[in-house]
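Read through the structure below, which is laid out as structure tokens, and then see the notes.
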Amino acid sequence: MEFVLEQKVKVLIGDGKLDQIGVLLKEAGYSRAFLVYDSGVKAAGIIERVFTYLDRQQVYYTAFDKVEPDPPANIIDEGAELCRKEHCDCVVAIGGGSAIDTAKGITVLRFNDGKILDYREKEIKPAAGLITIPTTAGTGSELSQGIIITDPLKKEKVPLLAFQAMSEYTILDPELTQTMPRKLTITTGLDVFSHAAEAYTTLMSNPASDLICEKLMETVFQCLPAAASDGQDSEARRKMLICASLGGWMLYNASAHVGHSIAHVIGAELKIAHGAACAYAFPAMIKEAACVLPEKVRKIGQILGAPLDENLTPNQIGERTAKAYMVFRDQILGLEPQQMPSLQADHVETMANAIANEPFAQIAPFKVTEAKAKKMLMEILVRQGGIA
């Protein structure tokens, strides 16, 4: 039998729910927590609150604050070594996608030997005890099975599937996202839209996930501008945080596809933040998807407010949907354009080859040849001024 929806993570939602972390760990039977976070979480005062809540419940903890954007494999390996040395029985991630992915990798290595990049090929054995507390509304890593790791030697992003090392519990506290800067709110929110749109158009989509993805796109379109313009808009922040997590759930059930392949490659090669990279990739990706899924892309266009007559060709549906998305991205939200470095022809060819062979590209609704990947990549680079 083939099941199309599964959700294993126990989710706690509400303003102020961070204060339940000590009680949660105690009731779950954990007594030695390994805390994974970055300097931003520390600067915001969030980690001091976590220390207080754990102290109240007499939960021992070890702090690991070396999280970096696009988590490098060596940082995960270092964290896992310290976690084992301190005999911690659970890992608590506090932060955005990088903190959660770092914590997932450390959780894998609590129960699996070697280094994290070994698991590009090796099977991951069951790894329990991950608790996630997102402080951004974007990656949805708290409900997804993916880990995106950077190989610092090859300078490439490596996606791993860690079904056996997902969150056991997650705390969604919208108050923690109120300090997100405007730009971060926009880029992470656009990442949520990409998750829903790509899961909606992937080869793994199904009627149940489609309904959820449609609602997620509608909600992001309605709420992201409010969250970006007023960080204290609690209703917009709450809905965006929930959308981010449900977007991660859709990645678990239906996956992303070539939009994320492009984002992974240009993100690693050109040092572009993941959410922004997904946003730059979206128009080229959606125009190709319209050629094979015109009615689904029409629905996305309608959500974005595109004028879509009944007699349009698939190409026209794709063009109008892409244009409506760019209005949303550039004018309504005001995502700042990013000047990309000039690239020589051979570099573009190398990147196109990497996109065509990236795992997510294999489940796009159209065949991603190297020529197709180059076409999409060139559209992005020309628009952003990245051609020598």
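Ordering of the structure tokens sets the chain letters (A, B, ...), residue numbers begin anew at 1 in every chain, and ligands are numbered from 1 in the order given.
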Proximity of range 227-283 of chain A to range 204-222 of chain A: per-residue shortest pair, 7 Å limit, only C-alpha atoms, as CSV:
residue,atom,partner,partner_atom,distance
A:Met240,CA,A:Val220,CA,6.6
A:Cys243,CA,A:Leu216,CA,5.9
A:Met250,CA,A:Ser209,CA,6.6
A:Ala254,CA,A:Met204,CA,4.8
A:Ser255,CA,A:Met204,CA,6.9
Would you list the contacts of range 303-310 of chain A as a compact mmCIF listing (two decimals) with C-alpha atoms, in the first residue's frame, taking every protein, DNA or RNA residue within 9 Å and counting only C-alpha atoms, but skipping same-chain residues closer than 4 positions in sequence?
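The resulting file, part-v4.txt, is reproduced below:
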# COMPACT_ATOMS: atom_id res chain seq x y z
CA GLU A 214 -3.22 25.65 -2.03
CA MET A 217 0.04 29.64 -0.80
CA GLU A 218 -3.13 31.64 -0.20
CA PHE A 221 0.13 35.71 -0.11
CA ARG A 298 -3.21 28.57 -13.36
CA LYS A 299 -4.31 28.00 -9.75
CA GLN A 316 0.88 32.29 -21.49
CA ILE A 317 -0.34 30.88 -18.17
CA ARG A 320 1.47 35.62 -16.45
CA THR A 321 1.93 33.57 -13.29
CA ALA A 322 5.66 34.33 -13.27
CA LYS A 323 4.94 38.03 -13.76
CA ALA A 324 2.40 38.08 -10.92
CA TYR A 325 4.93 36.37 -8.66
CA VAL A 327 5.10 41.74 -8.63
CA PHE A 328 4.48 40.03 -5.28
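Comparing A:Lys10, A:Asn253, A:Val23, A:Val265 by their smallest distance to Ala354 in chain A, the closest is A:Val265 (using only C-alpha atoms).
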### Task
Using only C-alpha atoms, pick whichever of A:Ser31, A:Thr179, A:Thr187, A:Ser194 has the shortest atom-to-atom distance to Arg237 in chain A.
A:Thr179
Proximity of range 153-259 of chain A to range 331-348 of chain A: per-residue shortest pair, 12 Å limit, only C-alpha atoms, as a Markdown table:
| residue | atom | partner | partner_atom | distance |
| --- | --- | --- | --- | --- |
| A:Arg182 | CA | A:Leu333 | CA | 9.5 |
| A:Lys183 | CA | A:Leu335 | CA | 7.1 |
| A:Leu184 | CA | A:Leu335 | CA | 9.8 |
| A:Thr185 | CA | A:Leu333 | CA | 9.8 |
| A:Ile186 | CA | A:Leu333 | CA | 6.8 |
| A:Thr187 | CA | A:Leu335 | CA | 7.6 |
| A:Thr188 | CA | A:Leu335 | CA | 11.2 |
| A:Gly189 | CA | A:Leu333 | CA | 10.1 |
| A:Leu190 | CA | A:Leu333 | CA | 9.6 |
| A:Val220 | CA | A:Leu333 | CA | 11.4 |
| A:Phe221 | CA | A:Ile332 | CA | 9.9 |
| A:Gln222 | CA | A:Ile332 | CA | 11.0 |
| A:Cys223 | CA | A:Leu333 | CA | 10.9 |
| A:Leu224 | CA | A:Leu333 | CA | 7.9 |
| A:Pro225 | CA | A:Leu333 | CA | 5.8 |
| A:Ala226 | CA | A:Leu333 | CA | 9.3 |
| A:Ala227 | CA | A:Leu333 | CA | 10.1 |
| A:Ala228 | CA | A:Leu333 | CA | 7.4 |
| A:Ser229 | CA | A:Leu333 | CA | 8.5 |
Go ahead and write the selection's residues with N, CA, C and O atoms as a CSV table (one decimal), in the first residue's frame.
chain,number,residue,atom,x,y,z
A,182,ARG,N,13.1,42.7,8.6
A,182,ARG,CA,12.2,42.7,7.5
A,182,ARG,C,12.7,41.8,6.3
A,182,ARG,O,12.0,41.0,5.8
A,183,LYS,N,14.0,41.9,6.0
A,183,LYS,CA,14.5,41.2,4.8
A,183,LYS,C,14.5,39.7,5.1
A,183,LYS,O,14.1,38.9,4.2
A,184,LEU,N,14.8,39.3,6.3
A,184,LEU,CA,14.7,37.9,6.7
A,184,LEU,C,13.3,37.4,6.7
A,184,LEU,O,13.0,36.2,6.2
A,185,THR,N,12.4,38.2,7.1
A,185,THR,CA,11.0,37.8,7.1
A,185,THR,C,10.5,37.6,5.7
A,185,THR,O,9.8,36.6,5.4
A,186,ILE,N,11.0,38.4,4.7
A,186,ILE,CA,10.6,38.3,3.3
A,186,ILE,C,11.2,37.0,2.7
A,186,ILE,O,10.5,36.2,2.1
A,187,THR,N,12.5,36.9,2.9
A,187,THR,CA,13.1,35.7,2.2
A,187,THR,C,12.7,34.4,2.8
A,187,THR,O,12.5,33.4,2.0
A,188,THR,N,12.5,34.3,4.1
A,188,THR,CA,12.0,33.0,4.6
A,188,THR,C,10.6,32.8,4.3
A,188,THR,O,10.2,31.6,4.0
A,189,GLY,N,9.8,33.9,4.2
A,189,GLY,CA,8.4,33.7,3.8
A,189,GLY,C,8.3,33.2,2.4
A,189,GLY,O,7.4,32.4,2.0
A,190,LEU,N,9.1,33.8,1.5
A,190,LEU,CA,9.1,33.3,0.1
A,190,LEU,C,9.6,31.9,0.0
A,190,LEU,O,9.1,31.2,-1.0
A,220,VAL,N,0.2,32.6,2.7
A,220,VAL,CA,1.4,33.3,2.6
A,220,VAL,C,1.2,34.6,1.8
A,220,VAL,O,1.7,35.7,2.2
A,221,PHE,N,0.4,34.5,0.7
A,221,PHE,CA,0.1,35.7,-0.1
A,221,PHE,C,-0.6,36.8,0.7
A,221,PHE,O,-0.3,38.0,0.6
A,222,GLN,N,-1.5,36.3,1.6
A,222,GLN,CA,-2.3,37.3,2.4
A,222,GLN,C,-1.5,37.8,3.6
A,222,GLN,O,-1.6,39.0,3.9
A,223,CYS,N,-0.7,37.0,4.2
A,223,CYS,CA,-0.1,37.3,5.5
A,223,CYS,C,1.4,37.8,5.5
A,223,CYS,O,1.8,38.6,6.4
A,224,LEU,N,2.1,37.4,4.5
A,224,LEU,CA,3.5,37.8,4.5
A,224,LEU,C,3.8,39.3,4.4
A,224,LEU,O,4.6,39.8,5.1
A,225,PRO,N,3.0,40.0,3.5
A,225,PRO,CA,3.2,41.5,3.5
A,225,PRO,C,3.0,42.1,4.9
A,225,PRO,O,3.7,43.0,5.3
A,226,ALA,N,2.0,41.7,5.6
A,226,ALA,CA,1.7,42.2,6.9
A,226,ALA,C,2.8,41.9,7.9
A,226,ALA,O,3.3,42.7,8.7
A,227,ALA,N,3.3,40.6,7.9
A,227,ALA,CA,4.4,40.2,8.8
A,227,ALA,C,5.7,41.0,8.5
A,227,ALA,O,6.4,41.4,9.4
A,228,ALA,N,5.9,41.3,7.2
A,228,ALA,CA,7.1,42.0,6.8
A,228,ALA,C,7.0,43.5,7.2
A,228,ALA,O,8.0,44.1,7.5
A,229,SER,N,5.9,44.1,7.1
A,229,SER,CA,5.7,45.5,7.3
A,229,SER,C,5.6,45.8,8.8
A,229,SER,O,6.0,46.9,9.3
### Query
Given the choices A:Ile75, A:Ala128, A:Cys88, A:Ala99, which gets closest to Val36 in chain A if the distance is worked out from only C-alpha atoms?
A:Ala99
### Query
Hey, what does DSSP flag as helix (DSSP H, G or I) within range 11-102 of chain A? Can you give it to me as a ChimeraX atom specification?
/A:17-28,39-43,46-56,73-85,97-102
Preceding selection exported with C-alpha atoms as a short mmCIF file (atom, residue, chain, number, x, y, z; two decimals), in the first residue's frame:
data_model
loop_
_atom_site.label_atom_id
_atom_site.label_comp_id
_atom_site.auth_asym_id
_atom_site.auth_seq_id
_atom_site.Cartn_x
_atom_site.Cartn_y
_atom_site.Cartn_z
CA LYS A 17 5.04 28.23 24.75
CA LEU A 18 8.83 28.41 24.92
CA ASP A 19 8.43 28.35 28.70
CA GLN A 20 7.26 24.73 28.40
CA ILE A 21 10.62 23.42 27.18
CA GLY A 22 11.82 22.31 30.61
CA VAL A 23 8.55 20.57 31.45
CA LEU A 24 8.46 18.95 28.01
CA LEU A 25 11.96 17.47 28.38
CA LYS A 26 11.25 16.32 31.91
CA GLU A 27 7.98 14.61 30.94
CA ALA A 28 9.63 13.01 27.91
CA SER A 39 24.80 34.12 17.85
CA GLY A 40 21.55 35.76 16.72
CA VAL A 41 19.46 33.66 19.09
CA LYS A 42 21.86 34.51 21.89
CA ALA A 43 21.77 38.24 21.06
CA ILE A 46 16.11 33.72 23.70
CA ILE A 47 18.78 31.28 24.85
CA GLU A 48 18.95 32.86 28.31
CA ARG A 49 15.25 32.17 28.67
CA VAL A 50 15.82 28.54 27.66
CA PHE A 51 18.56 28.25 30.30
CA THR A 52 16.13 29.58 32.92
CA TYR A 53 13.33 27.17 31.96
CA LEU A 54 15.70 24.20 32.02
CA ASP A 55 17.20 25.23 35.36
CA ARG A 56 13.70 25.35 36.87
CA ALA A 73 29.63 19.47 7.66
CA ASN A 74 32.63 20.00 9.95
CA ILE A 75 30.53 22.05 12.41
CA ILE A 76 28.01 19.21 12.63
CA ASP A 77 30.81 16.69 13.19
CA GLU A 78 32.30 18.91 15.92
CA GLY A 79 28.94 19.31 17.63
CA ALA A 80 28.27 15.58 17.56
CA GLU A 81 31.63 14.88 19.17
CA LEU A 82 30.88 17.28 22.03
CA CYS A 83 27.34 15.91 22.41
CA ARG A 84 28.69 12.38 22.82
CA LYS A 85 31.43 13.56 25.19
CA GLY A 97 16.79 26.30 9.40
CA SER A 98 20.57 26.25 9.86
CA ALA A 99 20.27 25.56 13.59
CA ILE A 100 17.67 22.86 13.03
CA ASP A 101 19.63 21.19 10.23
CA THR A 102 22.78 21.29 12.37
#
Excluding Ala256 in chain A and residues on its chain fewer than 3 positions from it, collect all residues at most 12 Å away from it, counting only C-alpha atoms, and give them as a CSV table (one decimal) with N, CA and C atoms, in the first residue's frame.
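Final file, out.csv:
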chain,number,residue,atom,x,y,z
A,139,THR,N,12.0,27.6,6.7
A,139,THR,CA,12.4,26.3,6.2
A,139,THR,C,11.4,25.2,6.5
A,144,SER,N,10.1,18.5,8.5
A,144,SER,CA,10.5,17.9,7.3
A,144,SER,C,11.6,16.8,7.6
A,145,GLN,N,11.9,16.0,6.6
A,145,GLN,CA,12.9,14.9,6.8
A,145,GLN,C,14.3,15.3,6.2
A,146,GLY,N,14.3,16.5,5.6
A,146,GLY,CA,15.6,16.9,4.9
A,146,GLY,C,16.6,17.6,5.8
A,159,PRO,N,22.0,17.7,0.0
A,159,PRO,CA,20.7,17.3,0.7
A,159,PRO,C,20.7,15.8,1.1
A,191,ASP,N,10.4,31.4,0.9
A,191,ASP,CA,10.8,30.0,0.9
A,191,ASP,C,9.6,29.2,1.2
A,192,VAL,N,8.7,29.6,2.1
A,192,VAL,CA,7.5,28.9,2.4
A,192,VAL,C,6.6,28.8,1.2
A,193,PHE,N,6.5,29.9,0.4
A,193,PHE,CA,5.7,29.8,-0.8
A,193,PHE,C,6.3,28.8,-1.8
A,194,SER,N,7.6,28.8,-1.9
A,194,SER,CA,8.2,27.9,-2.8
A,194,SER,C,8.0,26.4,-2.4
A,195,HIS,N,8.1,26.2,-1.1
A,195,HIS,CA,7.8,24.8,-0.6
A,195,HIS,C,6.4,24.4,-1.0
A,196,ALA,N,5.4,25.2,-0.8
A,196,ALA,CA,4.0,24.8,-1.2
A,196,ALA,C,3.9,24.7,-2.7
A,197,ALA,N,4.4,25.6,-3.5
A,197,ALA,CA,4.2,25.6,-4.9
A,197,ALA,C,4.9,24.4,-5.5
A,198,GLU,N,6.1,24.1,-5.0
A,198,GLU,CA,6.9,23.0,-5.6
A,198,GLU,C,6.3,21.6,-5.2
A,199,ALA,N,5.8,21.5,-3.9
A,199,ALA,CA,5.2,20.3,-3.5
A,199,ALA,C,3.9,20.1,-4.3
A,200,TYR,N,3.2,21.2,-4.7
A,200,TYR,CA,2.0,21.2,-5.4
A,200,TYR,C,2.2,20.7,-6.8
A,201,THR,N,3.4,20.9,-7.4
A,201,THR,CA,3.7,20.5,-8.8
A,201,THR,C,4.7,19.4,-9.0
A,202,THR,N,5.2,18.8,-7.9
A,202,THR,CA,6.1,17.7,-8.0
A,202,THR,C,5.4,16.4,-8.5
A,203,LEU,N,6.2,15.5,-8.9
A,203,LEU,CA,5.7,14.2,-9.3
A,203,LEU,C,5.1,13.4,-8.1
A,204,MET,N,5.4,13.8,-6.9
A,204,MET,CA,5.0,13.1,-5.7
A,204,MET,C,3.7,13.8,-5.1
A,205,SER,N,3.2,14.8,-5.8
A,205,SER,CA,2.0,15.5,-5.2
A,205,SER,C,0.8,14.5,-5.3
A,213,CYS,N,-1.4,22.5,0.2
A,213,CYS,CA,-0.5,23.5,-0.5
A,213,CYS,C,-1.2,24.7,-1.0
A,247,GLY,N,4.5,23.8,5.6
A,247,GLY,CA,5.3,23.7,4.3
A,247,GLY,C,6.3,22.6,4.5
A,248,GLY,N,7.0,22.5,5.6
A,248,GLY,CA,7.9,21.4,5.9
A,248,GLY,C,7.3,20.1,5.8
A,249,TRP,N,6.1,20.0,6.4
A,249,TRP,CA,5.3,18.7,6.3
A,249,TRP,C,5.0,18.4,4.9
A,250,MET,N,4.7,19.3,4.0
A,250,MET,CA,4.5,19.0,2.6
A,250,MET,C,5.8,18.6,1.9
A,251,LEU,N,6.9,19.1,2.3
A,251,LEU,CA,8.2,18.6,1.8
A,251,LEU,C,8.3,17.1,2.2
A,252,TYR,N,7.9,16.8,3.4
A,252,TYR,CA,8.0,15.4,3.8
A,252,TYR,C,7.2,14.5,3.0
A,253,ASN,N,6.0,15.0,2.6
A,253,ASN,CA,5.0,14.1,1.9
A,253,ASN,C,5.1,14.2,0.4
A,259,GLY,N,13.1,23.9,-8.5
A,259,GLY,CA,13.3,25.2,-8.0
A,259,GLY,C,14.3,25.2,-6.8
A,260,HIS,N,14.2,24.2,-6.0
A,260,HIS,CA,15.2,24.0,-4.9
A,260,HIS,C,16.5,23.5,-5.4
A,261,SER,N,16.5,22.7,-6.5
A,261,SER,CA,17.8,22.3,-7.1
A,261,SER,C,18.6,23.6,-7.5
A,262,ILE,N,17.9,24.5,-8.2
A,262,ILE,CA,18.5,25.7,-8.6
A,262,ILE,C,19.0,26.5,-7.4
A,263,ALA,N,18.2,26.6,-6.4
A,263,ALA,CA,18.5,27.4,-5.2
A,263,ALA,C,19.7,26.8,-4.5
A,264,HIS,N,19.8,25.5,-4.5
A,264,HIS,CA,21.0,24.8,-3.8
A,264,HIS,C,22.2,25.2,-4.5
A,278,CYS,N,15.6,30.7,-3.8
A,278,CYS,CA,14.3,30.1,-4.2
A,278,CYS,C,13.5,31.1,-4.9
A,282,PHE,N,12.1,31.0,-8.8
A,282,PHE,CA,10.7,30.7,-9.0
A,282,PHE,C,10.1,31.0,-10.4
A,285,MET,N,11.3,28.5,-13.0
A,285,MET,CA,10.7,27.2,-12.7
A,285,MET,C,9.2,27.1,-13.1
A,358,GLU,N,21.1,17.3,-9.6
A,358,GLU,CA,20.7,17.4,-8.2
A,358,GLU,C,19.5,16.6,-7.9
A,359,PRO,N,19.4,15.9,-6.7
A,359,PRO,CA,18.3,15.0,-6.4
A,359,PRO,C,16.9,15.5,-6.6
A,360,PHE,N,16.6,16.7,-6.2
A,360,PHE,CA,15.3,17.2,-6.3
A,360,PHE,C,14.8,17.4,-7.7
A,361,ALA,N,15.8,17.6,-8.6
A,361,ALA,CA,15.4,17.8,-10.0
A,361,ALA,C,14.8,16.6,-10.7
A,362,GLN,N,15.1,15.4,-10.1
A,362,GLN,CA,14.6,14.2,-10.6
A,362,GLN,C,13.1,14.0,-10.5
A,363,ILE,N,12.5,14.8,-9.6
A,363,ILE,CA,11.1,14.6,-9.4
A,363,ILE,C,10.3,15.9,-9.8
A,364,ALA,N,10.9,16.7,-10.7
A,364,ALA,CA,10.2,17.8,-11.3
A,364,ALA,C,9.2,17.2,-12.2
A,365,PRO,N,8.1,18.0,-12.5
A,365,PRO,CA,7.1,17.5,-13.4
A,365,PRO,C,7.5,17.4,-14.9
### Query
In range 158-362 of chain A, what's strand (DSSP E or B) per DSSP? Answer as a PyMOL selection string?
chain A and resi 158-161+169-172+343
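Taking CA of Thr132 in chain A and CA of Val91 in chain A as endpoints, the distance between them is 8.3 Å.
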### Message
Quick one: residues within 10 Å of Leu172 in chain A, only C-alpha atoms, excluding same-chain residues fewer than 6 positions away - as a PyMOL selection string?
### Response
chain A and resi 11-18+132-137+142+238+241-242+245
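Going from CA of Leu176 in chain A to CA of Asp233 in chain A covers 12.4 Å.
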### Query
What is the distance between CA of Met376 in chain A and CA of Pro283 in chain A, in Å to one decimal?
8.9 Å
